[in-house]
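Here is the structure we will look at.
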Amino acid sequence: MGLFGTRQWSESDTEWDMIDINAKLEDAGIVMDTFSSGVQDSFLRGVGHTADSARGEWIRLAQNRLSTSRADYIDGLQKPDSMKYSRAGTRSTWEIQLVGRMPNNFEFGMDSFDMKAVRPGWLGGGKAKTAKAGHKYVTIPFRHSTTSPARIAYSGQARRANLQRELRTVVRRYGLDRMVRTATGAPVTGPVARVPTTARVHPYLRGLTRIQGPSSPRGGRVSGQLFTFRTMSELSPDEAWNHPGITAANLMPEVEIFIERELNLLIDRVFGVRR
């Protein structure tokens, strides 16, 4: 019959957690060739439906368990090559794949690391500049939102400090929640309001800037977004850009349990097996 697998994406090689359907059928005492083609086709369709259901369950787990990483993780399950079916002779294979480096980092976790040392990274990217003294530096924008969508919600120390509540207060106090317009009523574009760097607010919010611009590169309605900026350079202390690491989501083992259960139910339903 074939294989059913969940896969960890990698640029260099592939790591599989496979479920051998032939072995499951043999354990249940089932010989496929003794059943009609209609029964065999029904089972194949059922395995395909199980694959679709497994990806749906994987997405559901990510939606319920993850917060700031949710959107990027789910995007790794919705790429064109996240679901594959192949057939070689009598062997069929269904693949469910978590695609992309960051989705896999969220799934399997990462140790703490120096963000300056990552290459190409920010200092090796096209936006890096060279100072007169010869070292490279780059200005990095950090987006903030009073509505806290999952992609930019606070985490770590900022969440523990309840920064979201202070952000709303600071935005109102310094007028960063209001559309700035010209004397004729047209929206101003570019940086329009800023929290002083000496303000008595949380250090993460000093220099917070409202920037207004079109909602898309092609134009459209002008809206405002909130940013702070930090400068990374080759001279920055390592501890200033030390990433605390990523705690593994470990959703894949639960997906595999789901697949095992659904395949057992499918075998029972199609072949009348009672365990």
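Here, A, B, ... name the chains of the structure tokens in the order displayed, residue numbers run from 1 inside each chain, and ligands are numbered from 1 in the same displayed order.
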Can you list, as number ranges by chain, every protein, DNA or RNA residue that comes within 12 Å of segment 49-66 of chain A when you count only C-alpha atoms, leaving out same-chain residues fewer than 5 positions away? A: 3-7, 19, 42-44, 71-79, 82-85, 93-98, 103, 106-107, 150-151, 153, 155, 247-267
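For the atom pair formed by atom CA of Glu239 of chain A and atom CA of Lys136 of chain A, the distance is 17.7 Å, given to one decimal.
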Strand (DSSP E) residues, from DSSP on the backbone, in segment 62-209 of chain A, as a PyMOL selection string: chain A and resi 83-88+91-98+113-114+129-130+136-144+190-194+209
